[in-house]
Number of protein chains: 2
Amino acid sequence: MTANPVADQALLPDRDPHTAMRIASSMHATGSWTSDLAAFQRWFADCRRQVHADVRRIELDRLDGWHSDPITGDIRHRSGKFFSITGVAVDVPGGPVGQWHQPIIVQPEIGILGIIVKEIDGILHCLMQAKVEPGNDNGLQLSPTVQATRSNYTRVHGGKPVPYLEYFIDTERSTVIADVRQSEQGAWFHQKRNRNMLVEVTEDIELLDGFRWMTLGQVHRLLAVDDLVNMDARTVLSCLPFSGADLQQVHQYTGDGLRASLIRSCSEESGSLHPMSDILSWITTRRTLTEITTTLIPLNSIRGWHRSPAKIWQESELFFDVIGVDVEAGGREVARWMQPMLEPHGTGIVAFLVRDIGGVLHVLVRARMEPGFVDVIELAPTVQCTPENYACLPPAAAPRYLDEVLLAGPERIRFTTVLAEEGGRFYHARNSYRIIETDLDPLDEPDDFRWLTVRQLIELLRHSYYVNVQARTMIACLHAMVTGMPAVQAG
Amino acid sequence: MTANPVADQALLPDRDPHTAMRIASSMHATGSWTSDLAAFQRWFADCRRQVHADVRRIELDRLDGWHSDPITGDIRHRSGKFFSITGVAVDVPGGPVGQWHQPIIVQPEIGILGIIVKEIDGILHCLMQAKVEPGNDNGLQLSPTVQATRSNYTRVHGGKPVPYLEYFIDTERSTVIADVRQSEQGAWFHQKRNRNMLVEVTEDIELLDGFRWMTLGQVHRLLAVDDLVNMDARTVLSCLPFSGADLQQVHQYTGDGLRASLIRSCSEESGSLHPMSDILSWITTRRTLTEITTTLIPLNSIRGWHRSPAKIWQESELFFDVIGVDVEAGGREVARWMQPMLEPHGTGIVAFLVRDIGGVLHVLVRARMEPGFVDVIELAPTVQCTPENYACLPPAAAPRYLDEVLLAGPERIRFTTVLAEEGGRFYHARNSYRIIETDLDPLDEPDDFRWLTVRQLIELLRHSYYVNVQARTMIACLHAMVTGMPAVQAG
């Protein structure tokens, strides 16, 4: 070896056990559920009095700042930024529906969804925001510290700077806990990715109006409340790196049943039905064998859809419409803008079937193809559908395991909450999220389903394009159940 | 929990320590280098007598089975399969070269590159093949068991079936050791991926002419021979999952110096300059900040390139040409075909700078953008270039650290071999692969460079799109150096 001035350079282990342990402690720090919830609700009601959002539907053709291309019909912002709506032709040779057309949102720029965490009195707290978005049917929801599109933070809209954004851009001011680009709804977005970040800050931070420090345990418990924790907060929370071994130590939980099985499912030391190399090979196989071709086409050439000055809709009047909204949001900042949105029909059902296998909780994931995915398939919940839509589709398209979810007795429903999807693009898009205990035979797996432990999903979430956004919401809920969230009574 | 018929289901650990240990043993099983090499050379010379390949350059416009589209100029096979050559426009705002056009190969189907391994006398052996490819300037090279494009194995070319392919398709007949789609040359291919597989077979296998069982140690040592182990074999070998802890146990190597530092670099127990979460965040940052837009355009619209009936070339006469070849390969099967190929100018230089940091070998990787990558950047060797090409480019484009590689004294050159790139698409494409020891300050890292351990690279190779094909060749060479390959004298 050459002379070596850095022979004694301190090297670091791959994971920081101190951070994992502090995350476990913050997950456990729920305080008193009743008094916490009451304090939170007072603050949230206060925020609601200070802000308002007035959202009116208007005709697509009357959106200030947006225009439809006279040749293609594509809908774009006059700045060329934000997003556009175009058409897509999807070919799935051999699929139950072999070919279809639909509108799709194109938003190539990568935004930041970020939560700042900071130690307060020895416990990690998350800086959460009460934020209004036009698509929320209840206005205000609990959001991450920052939701910034690239257009936002380069100030294309000419608005105020995004508060706290500097901690995610200037990494000298913070320590990164998680930082990974993740996909969003592949049925509605073309290859959309956002950067999901958790950063820890040690310097003093001014607490602005509409923001609140909360422990992970407190945020987790609010996941059981309908329409409260927004999608962006849920996807960031799902990327939390924590260790089941630390959880066991912090919780000192020695009970039996689902919760004990779930804690073991988060641990590196527990085995799994399939080793990770087999799961990765299964994903490779599904991505190699699944044939799907998606081609962006002009919005006015999509077959099976109608367009009036007011909206775009599918001829069956199912799936979703493209509509326009006129938004006036007031309070801390006053802003008025118009934009197109996607309005889905019906409330979706998103469910994980879970079961104990060999003492360790496993969840049944599906290798699901969506036209907007970057890499063919991602791992999705066992069931993810809007049942009404199947009225116009062939029987072979009906989602497997839907009956197992819909017919589950109350004793098998371990979690159920109705949660909203992204309120900046989707109008009143809501899904009923459920975790259902099952006694299906785990050795009888269809080709596109596999049983995974929670730890295997946590490991895959360090990388892009493995776990879809609906599954990420369910993983945040599973994290929450680790600390014994009283799921059903709060729902 | 519900009644549980599988409460005592045996669960599996994430990695199979038995397989990792057997891989380490096979890496160590080099036998006697001199007698092994002599036996191998006899077999290989024998193969060479039994096969021949007659490759003649012919005009692009005279390729039987291929035609140029009269409107776009794109070159396609009459079946619509195999691959096509089209143009690409690349925009890199702020880059030293902000915009350029070039021809690019489009091959959307995912092929299989696979090596069968089998225990013989208690040691894992690889089934290697002596295979002729038209682009090899020495005809025969050592190849994996199987190299099959989807067109190959669906028999579009009407040829014979690919031997041994069934073990990669029918996973009932084998156990998967590695299975991951990896990119190929992003400068010449548009989003090409191949499936890299290692499968273990226990049943008896007939040894066909032109195939040979070899230990990992034997194949590794041949990496030090110029133009022998082909690119497809190298990329599959780079995906070997093995553990540094097992290596230490098998080798019982207690020496000092580069080899000891390298063995520690393969171990899960050694730390690293940057924990994996920081490396993943750095990759996310580079992928978010790097702006590159690539648009496929008609081949006859690319600026800066000329086309005659014979070939396509860049006006500087640098980079590469697109040529035609007429191939007659004989021996076990006789086949004659014509095809277009890319013929690069000059021999490239591909080098990893390596150094000991805190007792653990680190390699300096670059986050490199290539127009054909699926996801913006991949990790590449410290230097990867053809020096002649920079004659016509601005000085800012000159590759960083090239002098460190070119001016390294012989005592710092720990590995050097000239190896060929894929002989099915590239004509006489060769790179000088080098591993150079350096004493650069590891704390002075440019934004697009980071020091990683070998284990961190092994971990990233479980997933797609992290490590480019040139870096994968270098990783296979680093694996080989673990067992003390006599690199320079064999080169």
# chains A, B, ... in the order shown; residues from 1 in each chain; ligands from 1
$ interface_residues --of "chain A" --to "chain B" --cutoff "8 Å" --atoms "only C-alpha atoms" --output "VMD selection string"
chain A and resid 1 to 4 6 to 15 110 176 to 181 195 257 to 258 269 to 278 280 to 281 284 288 356 to 359 437 to 439 462 to 463
$ residues_around --residues "Glu59 of chain A" --least-positions-apart "3" --cutoff "9 Å" --atoms "only C-alpha atoms" --output "list of chain:residue names"
A:Arg62, A:Leu63, A:Ser308, A:Pro309, A:Ala310, A:Lys311, A:Ile323, A:Gly324, A:Val325
$ residues_around --residues "segment 218-229 of chain B" --least-positions-apart "3" --cutoff "9 Å" --atoms "only C-alpha atoms" --output "PyMOL selection string"
chain B and resi 26-31+33+36-37+126+128+136-138+140-143+214-215+232-234+237+415-420+430+476-477+479-481+483+485-491
$ atom_distance --atom1 "atom CA of Ala471 of chain B" --atom2 "atom CA of Asp448 of chain B"
15.2 Å
$ closest_residue --among "A:Trp337, A:Trp100, A:Trp66, A:Phe83" --to "Ile297 of chain A" --atoms "only C-alpha atoms"
A:Trp100
$ residues_around --residues "Cys266 of chain A" --least-positions-apart "6" --cutoff "9 Å" --atoms "only C-alpha atoms" --output "short mmCIF file (atom, residue, chain, number, x, y, z; two decimals) with N, CA and C atoms, in the first residue's frame"
data_model
loop_
_atom_site.label_atom_id
_atom_site.label_comp_id
_atom_site.auth_asym_id
_atom_site.auth_seq_id
_atom_site.Cartn_x
_atom_site.Cartn_y
_atom_site.Cartn_z
N PHE A 242 -36.58 2.22 10.20
CA PHE A 242 -36.51 1.87 11.62
C PHE A 242 -36.31 0.37 11.73
N SER A 243 -35.94 -0.03 12.90
CA SER A 243 -35.54 -1.41 13.10
C SER A 243 -36.46 -2.09 14.09
N GLY A 244 -36.90 -3.27 13.72
CA GLY A 244 -37.78 -4.04 14.60
C GLY A 244 -37.10 -4.43 15.90
N ALA A 245 -35.78 -4.65 15.83
CA ALA A 245 -35.07 -5.03 17.06
C ALA A 245 -35.14 -3.88 18.07
N LEU A 247 -37.46 -1.57 18.14
CA LEU A 247 -38.85 -1.45 18.58
C LEU A 247 -39.12 -2.40 19.74
N VAL A 360 -44.50 -14.69 12.31
CA VAL A 360 -44.12 -13.39 11.75
C VAL A 360 -45.23 -12.93 10.79
N LEU A 361 -45.70 -11.69 10.99
CA LEU A 361 -46.76 -11.19 10.12
C LEU A 361 -46.25 -11.01 8.69
N THR A 453 -42.66 -9.88 4.40
CA THR A 453 -42.69 -9.29 5.73
C THR A 453 -42.62 -7.76 5.59
N VAL A 454 -42.98 -7.07 6.68
CA VAL A 454 -42.91 -5.60 6.68
C VAL A 454 -41.46 -5.15 6.50
N ARG A 455 -40.51 -5.86 7.11
CA ARG A 455 -39.11 -5.48 6.98
C ARG A 455 -38.64 -5.57 5.53
N GLN A 456 -39.13 -6.56 4.79
CA GLN A 456 -38.74 -6.65 3.38
C GLN A 456 -39.25 -5.44 2.60
N ILE A 458 -39.83 -2.43 3.97
CA ILE A 458 -39.00 -1.30 4.43
C ILE A 458 -37.69 -1.27 3.65
N HIS A 479 -46.83 0.60 10.21
CA HIS A 479 -45.91 1.19 11.19
C HIS A 479 -46.70 1.66 12.42
N VAL A 482 -47.83 -0.87 14.97
CA VAL A 482 -46.77 -1.43 15.81
C VAL A 482 -46.90 -0.95 17.25
#
$ atom_distance --atom1 "atom CA of Thr386 of chain A" --atom2 "atom CA of Gln191 of chain A"
21.7 Å
$ residues_around --residues "Val97 of chain B" --least-positions-apart "6" --cutoff "12 Å" --atoms "only C-alpha atoms" --output "PyMOL selection string"
chain B and resi 90-91+292+390+392-398
$ select_by_dssp --residues "segment 11-253 of chain A" --states "strand (DSSP E)" --output "number ranges by chain"
A: 52-58, 66-68, 75-77, 84-91, 99-106, 111-120, 123-132, 140-143, 146-148, 175-183, 189-190, 193-200, 211-215
$ closest_residue --among "B:Thr473, B:Ser68, B:Ser84, B:Ser25" --to "Leu216 of chain B" --atoms "only C-alpha atoms"
B:Ser25
$ residues_around --residues "Arg425 of chain B" --least-positions-apart "5" --cutoff "8 Å" --atoms "only C-alpha atoms" --output "PyMOL selection string"
chain B and resi 135+340-342
